[in-house]
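Shown here: model08.csv, CSV, C-alpha atoms.
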```csv
chain,number,residue,atom,x,y,z
A,1,MET,CA,-16.5,-7.8,15.0
A,2,ALA,CA,-16.3,-4.5,13.0
A,3,ASN,CA,-19.5,-2.6,12.5
A,4,ALA,CA,-20.6,0.4,10.6
A,5,SER,CA,-20.0,2.8,13.5
A,6,SER,CA,-16.5,1.6,14.3
A,7,ILE,CA,-14.5,1.8,11.1
A,8,ALA,CA,-12.0,4.7,10.8
A,9,ALA,CA,-10.5,5.6,7.4
A,10,ILE,CA,-6.9,6.7,7.4
A,11,VAL,CA,-5.5,8.6,4.5
A,12,VAL,CA,-1.8,9.5,4.5
A,13,THR,CA,-1.2,12.6,2.3
A,14,TYR,CA,1.9,14.1,0.8
A,15,ARG,CA,1.4,17.0,-1.6
A,16,PRO,CA,-1.9,15.6,-2.9
A,17,ASP,CA,-3.9,16.9,-5.8
A,18,ILE,CA,-6.7,18.6,-3.9
A,19,ALA,CA,-9.5,17.8,-6.3
A,20,THR,CA,-8.5,14.1,-6.2
A,21,LEU,CA,-8.3,14.2,-2.5
A,22,GLU,CA,-11.7,15.9,-2.2
A,23,ALA,CA,-13.3,13.2,-4.4
A,24,LEU,CA,-11.8,10.5,-2.2
A,25,VAL,CA,-13.0,12.2,1.0
A,26,ASP,CA,-16.5,12.6,-0.3
A,27,ALA,CA,-16.6,9.0,-1.3
A,28,LEU,CA,-15.4,7.8,2.1
A,29,LEU,CA,-17.4,9.9,4.4
A,30,PRO,CA,-20.8,8.2,3.8
A,31,GLN,CA,-19.1,4.8,4.3
A,32,VAL,CA,-17.2,5.2,7.6
A,33,GLU,CA,-17.8,6.9,10.9
A,34,ARG,CA,-14.4,8.6,11.3
A,35,LEU,CA,-11.8,9.8,8.9
A,36,TRP,CA,-8.3,10.9,9.6
A,37,LEU,CA,-6.0,12.7,7.2
A,38,VAL,CA,-2.4,12.3,8.3
A,39,ASP,CA,-0.4,14.8,6.3
A,40,ASN,CA,3.4,14.5,5.9
A,41,ALA,CA,4.4,18.1,5.6
A,42,SER,CA,2.8,18.8,2.3
A,43,THR,CA,3.6,22.2,0.7
A,44,ASN,CA,-0.2,22.6,0.1
A,45,VAL,CA,-1.1,21.8,3.7
A,46,GLU,CA,-3.3,24.9,3.9
A,47,ALA,CA,-5.5,23.7,1.1
A,48,ILE,CA,-5.8,20.4,2.9
A,49,ARG,CA,-6.8,22.2,6.1
A,50,ALA,CA,-9.4,24.2,4.2
A,51,LEU,CA,-10.8,20.9,3.0
A,52,VAL,CA,-10.9,19.6,6.5
A,53,THR,CA,-12.8,22.6,7.9
A,54,THR,CA,-15.7,22.0,5.5
A,55,ARG,CA,-16.2,18.3,6.4
A,56,SER,CA,-16.2,16.0,9.4
A,57,ILE,CA,-12.6,15.0,9.2
A,58,ASP,CA,-9.8,14.8,11.7
A,59,ILE,CA,-6.3,15.9,10.7
A,60,ILE,CA,-2.8,15.0,12.0
A,61,ALA,CA,-0.3,17.4,10.5
A,62,ASN,CA,3.3,16.4,10.7
A,63,ASP,CA,6.0,19.1,10.4
A,64,LYS,CA,8.2,16.7,8.3
A,65,ASN,CA,7.7,13.8,6.0
A,66,LEU,CA,7.6,10.7,8.3
A,67,GLY,CA,6.7,8.3,5.5
A,68,VAL,CA,3.7,6.1,4.8
A,69,GLY,CA,4.3,3.5,7.5
A,70,ALA,CA,4.7,6.0,10.3
A,71,GLY,CA,1.7,8.0,9.1
A,72,LEU,CA,-0.5,4.9,9.1
A,73,ASN,CA,0.6,4.1,12.6
A,74,GLN,CA,-0.4,7.6,13.7
A,75,GLY,CA,-3.8,7.1,12.3
A,76,ILE,CA,-4.2,3.7,13.8
A,77,THR,CA,-3.2,5.0,17.2
A,78,ALA,CA,-5.8,7.8,16.9
A,79,ALA,CA,-8.5,5.4,15.8
A,80,ARG,CA,-7.8,3.1,18.7
A,81,ALA,CA,-8.0,6.0,21.2
A,82,ALA,CA,-11.3,7.0,19.7
A,83,GLY,CA,-12.7,3.5,20.3
A,84,CYS,CA,-12.8,2.3,16.7
A,85,THR,CA,-12.5,-1.4,16.1
A,86,ALA,CA,-11.2,-1.4,12.5
A,87,VAL,CA,-9.2,0.8,10.2
A,88,LEU,CA,-9.6,1.3,6.4
A,89,LEU,CA,-6.2,2.3,5.0
A,90,MET,CA,-6.3,4.5,1.9
A,91,ASP,CA,-3.9,6.1,-0.6
A,92,GLN,CA,-4.5,9.7,-1.4
A,93,ASP,CA,-5.2,9.1,-5.1
A,94,SER,CA,-7.6,6.1,-4.8
A,95,LEU,CA,-11.4,6.3,-5.2
A,96,PRO,CA,-13.6,3.7,-3.6
A,97,ALA,CA,-16.9,2.6,-5.2
A,98,ASP,CA,-20.2,3.0,-3.4
A,99,GLU,CA,-20.7,0.2,-0.9
A,100,MET,CA,-17.0,-0.8,-1.0
A,101,VAL,CA,-16.6,-0.6,2.8
A,102,ALA,CA,-19.9,-2.4,3.4
A,103,ARG,CA,-18.8,-5.3,1.3
A,104,LEU,CA,-15.4,-5.4,2.9
A,105,ARG,CA,-17.0,-5.3,6.3
A,106,GLU,CA,-19.4,-8.2,5.5
A,107,ALA,CA,-16.5,-10.3,4.3
A,108,LEU,CA,-14.5,-9.4,7.4
A,109,ASP,CA,-17.3,-10.1,9.8
A,110,SER,CA,-17.9,-13.6,8.3
A,111,GLY,CA,-14.3,-14.6,8.0
A,112,GLY,CA,-13.5,-15.6,11.6
A,113,GLU,CA,-10.9,-14.5,14.1
A,114,ARG,CA,-7.9,-15.6,12.0
A,115,LEU,CA,-8.8,-13.3,9.1
A,116,ALA,CA,-6.4,-10.4,9.5
A,117,ALA,CA,-7.5,-8.2,6.6
A,118,VAL,CA,-9.7,-7.9,3.5
A,119,GLY,CA,-9.1,-5.8,0.4
A,120,PRO,CA,-11.1,-4.8,-2.7
A,121,ALA,CA,-10.6,-5.5,-6.4
A,122,HIS,CA,-8.4,-2.7,-7.8
A,123,VAL,CA,-9.4,-1.1,-11.1
A,124,ASP,CA,-6.5,0.8,-12.8
A,125,ALA,CA,-7.8,4.3,-13.3
A,126,ARG,CA,-5.8,4.7,-16.5
A,127,THR,CA,-6.6,1.4,-18.3
A,128,GLY,CA,-9.7,0.0,-16.6
A,129,ASP,CA,-7.9,-3.3,-16.0
A,130,VAL,CA,-8.8,-5.2,-12.8
A,131,ALA,CA,-5.7,-6.3,-10.9
A,132,PRO,CA,-5.8,-10.0,-9.7
A,133,PHE,CA,-5.3,-11.2,-6.2
A,134,VAL,CA,-2.2,-13.2,-5.7
A,135,ARG,CA,-1.1,-16.5,-4.1
A,136,ILE,CA,2.7,-16.7,-4.1
A,137,GLY,CA,4.1,-19.7,-5.9
A,138,PHE,CA,7.3,-20.8,-7.5
A,139,PRO,CA,8.4,-20.3,-10.1
A,140,PHE,CA,5.2,-18.3,-10.8
A,141,ASN,CA,2.5,-16.7,-8.7
A,142,HIS,CA,-1.1,-17.9,-8.9
A,143,LYS,CA,-3.2,-14.9,-10.1
A,144,LEU,CA,-6.8,-15.1,-9.0
A,145,GLN,CA,-9.7,-13.3,-10.7
A,146,PRO,CA,-12.7,-14.1,-8.5
A,147,ALA,CA,-16.2,-14.2,-9.9
A,148,THR,CA,-18.9,-11.9,-8.6
A,149,GLY,CA,-19.8,-12.8,-5.0
A,150,GLU,CA,-16.5,-14.6,-4.3
A,151,VAL,CA,-14.1,-14.0,-1.5
A,152,VAL,CA,-10.7,-15.5,-2.1
A,153,ASP,CA,-7.7,-16.2,0.2
A,154,CYS,CA,-4.5,-14.4,-1.0
A,155,ASP,CA,-1.0,-13.8,0.3
A,156,PHE,CA,-0.9,-10.1,0.3
A,157,LEU,CA,-3.1,-7.0,-0.2
A,158,ILE,CA,-1.9,-3.5,-1.2
A,159,THR,CA,-2.3,-0.8,1.4
A,160,SER,CA,-5.1,1.2,-0.3
A,161,GLY,CA,-8.5,-0.2,0.5
A,162,CYS,CA,-7.3,-2.6,3.1
A,163,LEU,CA,-9.7,-3.1,6.0
A,164,ILE,CA,-8.0,-4.4,9.1
A,165,PRO,CA,-9.6,-5.1,12.6
A,166,LEU,CA,-7.5,-3.5,15.4
A,167,ARG,CA,-7.5,-6.9,17.1
A,168,ALA,CA,-5.3,-8.1,14.2
A,169,ILE,CA,-2.9,-5.2,14.5
A,170,ASP,CA,-2.7,-5.8,18.2
A,171,ALA,CA,-1.6,-9.4,17.5
A,172,ILE,CA,0.6,-8.8,14.4
A,173,GLY,CA,2.0,-5.4,15.1
A,174,ASP,CA,2.0,-1.9,13.5
A,175,MET,CA,3.2,-1.0,10.1
A,176,ASP,CA,7.0,-1.1,9.6
A,177,ALA,CA,7.8,2.7,9.8
A,178,GLY,CA,11.5,2.0,8.8
A,179,LEU,CA,10.5,1.1,5.3
A,180,PHE,CA,9.2,4.7,4.9
A,181,ILE,CA,7.4,3.9,1.6
A,182,ASP,CA,7.1,0.9,-0.7
A,183,ASN,CA,6.5,-2.6,0.5
A,184,VAL,CA,5.1,-1.5,3.8
A,185,ASP,CA,2.0,-3.5,2.8
A,186,LEU,CA,4.0,-6.5,1.7
A,187,GLU,CA,5.9,-6.7,4.9
A,188,TRP,CA,2.8,-6.5,7.1
A,189,CYS,CA,1.0,-9.1,5.1
A,190,PHE,CA,4.0,-11.4,5.1
A,191,ARG,CA,4.2,-11.0,8.9
A,192,ALA,CA,0.5,-11.8,9.2
A,193,ARG,CA,0.7,-14.9,7.1
A,194,ALA,CA,3.8,-16.1,9.0
A,195,ARG,CA,1.8,-15.9,12.2
A,196,GLY,CA,-1.0,-18.0,10.9
A,197,TYR,CA,-3.5,-15.3,9.8
A,198,ARG,CA,-5.5,-15.2,6.6
A,199,LEU,CA,-5.9,-12.4,4.1
A,200,ALA,CA,-8.8,-12.2,1.6
A,201,GLY,CA,-9.8,-10.4,-1.6
A,202,VAL,CA,-13.4,-9.4,-2.1
A,203,ALA,CA,-14.5,-9.4,-5.7
A,204,ASP,CA,-17.7,-7.3,-5.1
A,205,ALA,CA,-15.7,-4.5,-3.4
A,206,GLU,CA,-14.1,-2.2,-6.0
A,207,MET,CA,-11.8,0.8,-6.0
A,208,GLU,CA,-10.1,2.8,-8.6
A,209,HIS,CA,-6.4,3.0,-8.0
A,210,ARG,CA,-3.2,3.9,-9.8
A,211,ILE,CA,0.4,2.6,-9.2
A,212,GLY,CA,3.4,4.4,-10.3
A,213,ASP,CA,4.0,7.8,-11.9
A,214,ARG,CA,3.2,6.6,-15.4
A,215,LEU,CA,3.1,3.5,-17.7
A,216,HIS,CA,5.9,2.6,-20.1
A,217,TRP,CA,4.6,0.6,-23.1
A,218,ARG,CA,6.8,-2.1,-24.5
A,219,PRO,CA,6.5,-5.1,-26.7
A,220,GLY,CA,4.4,-7.7,-24.9
A,221,GLY,CA,2.9,-5.4,-22.3
A,222,ARG,CA,3.6,-2.4,-20.1
A,223,ALA,CA,5.7,-1.5,-17.1
A,224,ILE,CA,4.9,0.7,-14.1
A,225,VAL,CA,7.3,3.6,-14.0
A,226,HIS,CA,8.5,5.3,-10.8
A,227,GLY,CA,10.9,8.2,-10.4
A,228,PRO,CA,14.5,7.8,-9.1
A,229,THR,CA,13.5,8.6,-5.4
A,230,ARG,CA,10.9,5.8,-5.4
A,231,LEU,CA,13.3,3.5,-7.3
A,232,TYR,CA,15.7,4.0,-4.4
A,233,THR,CA,13.2,2.9,-1.8
A,234,ILE,CA,11.8,0.1,-3.9
A,235,MET,CA,15.2,-1.4,-4.5
A,236,ARG,CA,16.4,-0.9,-0.9
A,237,ASN,CA,13.2,-2.2,0.7
A,238,ARG,CA,13.1,-5.4,-1.4
A,239,VAL,CA,16.6,-6.2,-0.1
A,240,LEU,CA,15.4,-5.4,3.5
A,241,LEU,CA,12.5,-7.7,3.0
A,242,TYR,CA,14.8,-10.5,1.9
A,243,ARG,CA,16.3,-10.3,5.4
A,244,ARG,CA,13.0,-10.2,7.3
A,245,PRO,CA,12.1,-13.5,9.0
A,246,GLY,CA,8.5,-13.5,7.9
A,247,THR,CA,9.2,-13.1,4.2
A,248,PRO,CA,8.4,-16.3,2.3
A,249,TRP,CA,11.3,-17.9,0.4
A,250,ARG,CA,9.1,-18.4,-2.6
A,251,TRP,CA,8.7,-14.6,-2.9
A,252,ILE,CA,12.4,-14.0,-2.5
A,253,ALA,CA,13.2,-16.7,-5.1
A,254,GLN,CA,11.0,-15.1,-7.7
A,255,ASP,CA,11.8,-11.5,-6.7
A,256,VAL,CA,15.5,-11.7,-7.2
A,257,PRO,CA,15.3,-12.3,-11.0
A,258,ARG,CA,12.5,-9.7,-11.1
A,259,ALA,CA,14.8,-7.2,-9.4
A,260,ILE,CA,17.6,-7.9,-11.9
A,261,LEU,CA,15.2,-7.3,-14.9
A,262,LYS,CA,13.9,-4.1,-13.4
A,263,PHE,CA,17.5,-2.9,-12.7
A,264,LEU,CA,18.4,-3.5,-16.3
A,265,GLY,CA,15.2,-2.0,-17.7
A,266,PHE,CA,15.3,1.2,-15.7
A,267,SER,CA,19.0,1.8,-16.2
A,268,LEU,CA,19.1,1.0,-19.9
A,269,VAL,CA,15.7,1.7,-21.4
A,270,VAL,CA,13.5,3.9,-19.2
A,271,ALA,CA,14.4,7.6,-18.8
A,272,PRO,CA,16.1,9.2,-16.8
A,273,ARG,CA,18.5,6.2,-17.2
A,274,GLY,CA,21.5,7.7,-15.4
A,275,ALA,CA,19.5,9.0,-12.4
A,276,ASN,CA,17.6,5.7,-12.2
A,277,LEU,CA,20.9,3.7,-12.2
A,278,LYS,CA,22.4,5.8,-9.4
A,279,ALA,CA,19.2,5.6,-7.3
A,280,MET,CA,18.9,1.9,-7.6
A,281,CYS,CA,22.6,1.3,-6.8
A,282,ARG,CA,22.2,3.4,-3.7
A,283,GLY,CA,19.2,1.4,-2.8
A,284,LEU,CA,21.0,-1.9,-3.1
A,285,ARG,CA,23.9,-0.6,-1.1
A,286,ASP,CA,21.7,0.7,1.7
A,287,GLY,CA,19.5,-2.4,1.7
A,288,LEU,CA,22.6,-4.6,2.2
A,289,ALA,CA,23.7,-2.2,5.0
A,290,GLY,CA,20.3,-2.4,6.7
A,291,ARG,CA,19.6,1.3,6.4
A,292,GLU,CA,16.0,2.5,6.8
A,293,GLY,CA,14.0,5.7,6.6
A,294,PRO,CA,13.7,8.2,3.7
A,295,ASP,CA,16.0,8.5,0.7
A,296,PRO,CA,18.9,10.6,2.1
A,297,ASP,CA,19.5,12.2,-1.3
A,298,ALA,CA,15.8,13.2,-1.8
A,299,GLY,CA,15.1,16.9,-2.1
```

Output the file's structure in the form of structure tokens.
Amino acid sequence: MANASSIAAIVVTYRPDIATLEALVDALLPQVERLWLVDNASTNVEAIRALVTTRSIDIIANDKNLGVGAGLNQGITAARAAGCTAVLLMDQDSLPADEMVARLREALDSGGERLAAVGPAHVDARTGDVAPFVRIGFPFNHKLQPATGEVVDCDFLITSGCLIPLRAIDAIGDMDAGLFIDNVDLEWCFRARARGYRLAGVADAEMEHRIGDRLHWRPGGRAIVHGPTRLYTIMRNRVLLYRRPGTPWRWIAQDVPRAILKFLGFSLVVAPRGANLKAMCRGLRDGLAGREGPDPDAG
């Protein structure tokens, strides 16, 4: 089982805000033994290197943007070579609470060999809302808000804050580098569940996180807004997931109408409407064609 001296944190960076990254690093270092920054050709890589030199951090600097999936795989490979037994995957703009890793580790160690990963409760840094853990259902998902002290089985965990023993990665496989960004976590979790592994959310482990570039307020709620480049990979990758053998039919059945609503919303309501429409159309086309990798039209 994982222990305090064998967990390596892996943070994939791409043009990060240095102050935010510094806060993340300083929160992680007391909680893990090793920390790798995998940088995807950031324009501010020298500032990242300066941060590394003042702390006990390892860096893998890529000369081009390889994407989130490939970057995580590089960190996983380095952690395995260093003798670590588990990896903590983190986004560059998340902020773990004190004791988050300890509480995740406790849940992982007591969960048995078929527990593939555990994740924290995510607190939206903009609103303070706590995101639920999810069991996929049809026509609606089951949203779980566990009480203090509870650990609940769920069907997927987002990348950031996910603690995974390397034995599970050995059995399930690496992250899907072809997806580049978006749904990398969904695909791995679906693959894990299809192979009979469990995933669990830990109520007492908390982490601040933000999804999307901004929030769009509308009657009845709010929508998470991404720019056109991300809309391309989001739309393309959901189509690619429809074709993956491990993707549950319940998720596909409910995601198709969700994709239609998002397509209409981002092309008719949310600016920049024209750029959004073109990006999503390209994503649909490339998803149907089975194309992977970065957005070919991204600057």

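Distance-wise, CA of Lys278 (chain A) and CA of Asp295 (chain A) end up 12.3 Å apart.
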
Which residues of region 175-241 of chain A have any atom within 10 Å of an atom in region 128-139 of chain A when counting only C-alpha atoms, and what is the closest pair of atoms for each, with the distance in Å to one decimal? Order the rows by chain and rising number and write it as a Markdown table.
```
| residue | atom | partner | partner_atom | distance |
| --- | --- | --- | --- | --- |
| A:Ala200 | CA | A:Phe133 | CA | 8.6 |
| A:Gly201 | CA | A:Phe133 | CA | 6.5 |
| A:Val202 | CA | A:Phe133 | CA | 9.3 |
| A:Ala203 | CA | A:Phe133 | CA | 9.4 |
| A:Glu206 | CA | A:Val130 | CA | 9.1 |
| A:Met207 | CA | A:Val130 | CA | 9.6 |
| A:Glu208 | CA | A:Gly128 | CA | 8.5 |
| A:His209 | CA | A:Gly128 | CA | 9.7 |
```

If you count all atoms listed in the file, which residues fall within 9 Å of Leu72 (chain A), apart from same-chain ones fewer than 5 positions away, as a PyMOL selection string? chain A and resi 10-12+38+67+77+89+174-175+177

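Once only C-alpha atoms are considered, the residues situated within 9 Å of the file point (-18.4, 3.7, -4.8) turn out to be Ala27, Leu28, Leu95, Pro96, Ala97, Asp98, Glu99, Met100, Val101, Ala205, Glu206 and Met207 of chain A.
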
For CA of Leu264 (chain A) and CA of Leu157 (chain A), determine how far apart the two atoms are, in Å to one decimal place. 27.1 Å

Which one is closest to Arg80 (chain A): A:Pro228, A:Pro165, A:Pro120, A:Gly112? Count only C-alpha atoms. A:Pro165

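The space separating CA of Glu187 (chain A) from CA of Pro146 (chain A) comes to 24.1 Å.
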
Take the point (-10.7, 23.7, -4.2) as written in the file and pick out every residue within 9 Å of it, counting all atoms listed in the file; give the list as a ChimeraX atom specification. /A:18-19,22,47,50-51

Go through A:Asp185, A:Asp17, A:Asp58, A:Glu150 one by one, measure the shortest atom-to-atom distance of each to Ser42 (chain A) using only C-alpha atoms, and give the residue with the smallest value.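 The closest residue to Ser42 (chain A) is A:Asp17.
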
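Residue nearest Asp93 (chain A), chosen from A:Thr43, A:Ser160, A:Thr148, A:Thr20 and counting only C-alpha atoms: A:Thr20.
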
Which residues come within 12 Å of Gly71 (chain A), counting all atoms listed in the file, excluding same-chain residues fewer than 3 positions away, as a VMD selection string? chain A and resid 10 to 14 36 to 41 59 to 68 74 to 78 89 to 91 174 to 181 184

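Comparing A:Leu231, A:Leu268, A:Ala259, A:Leu241 by their smallest distance to Arg282 (chain A), the closest is A:Leu231 (using only C-alpha atoms).
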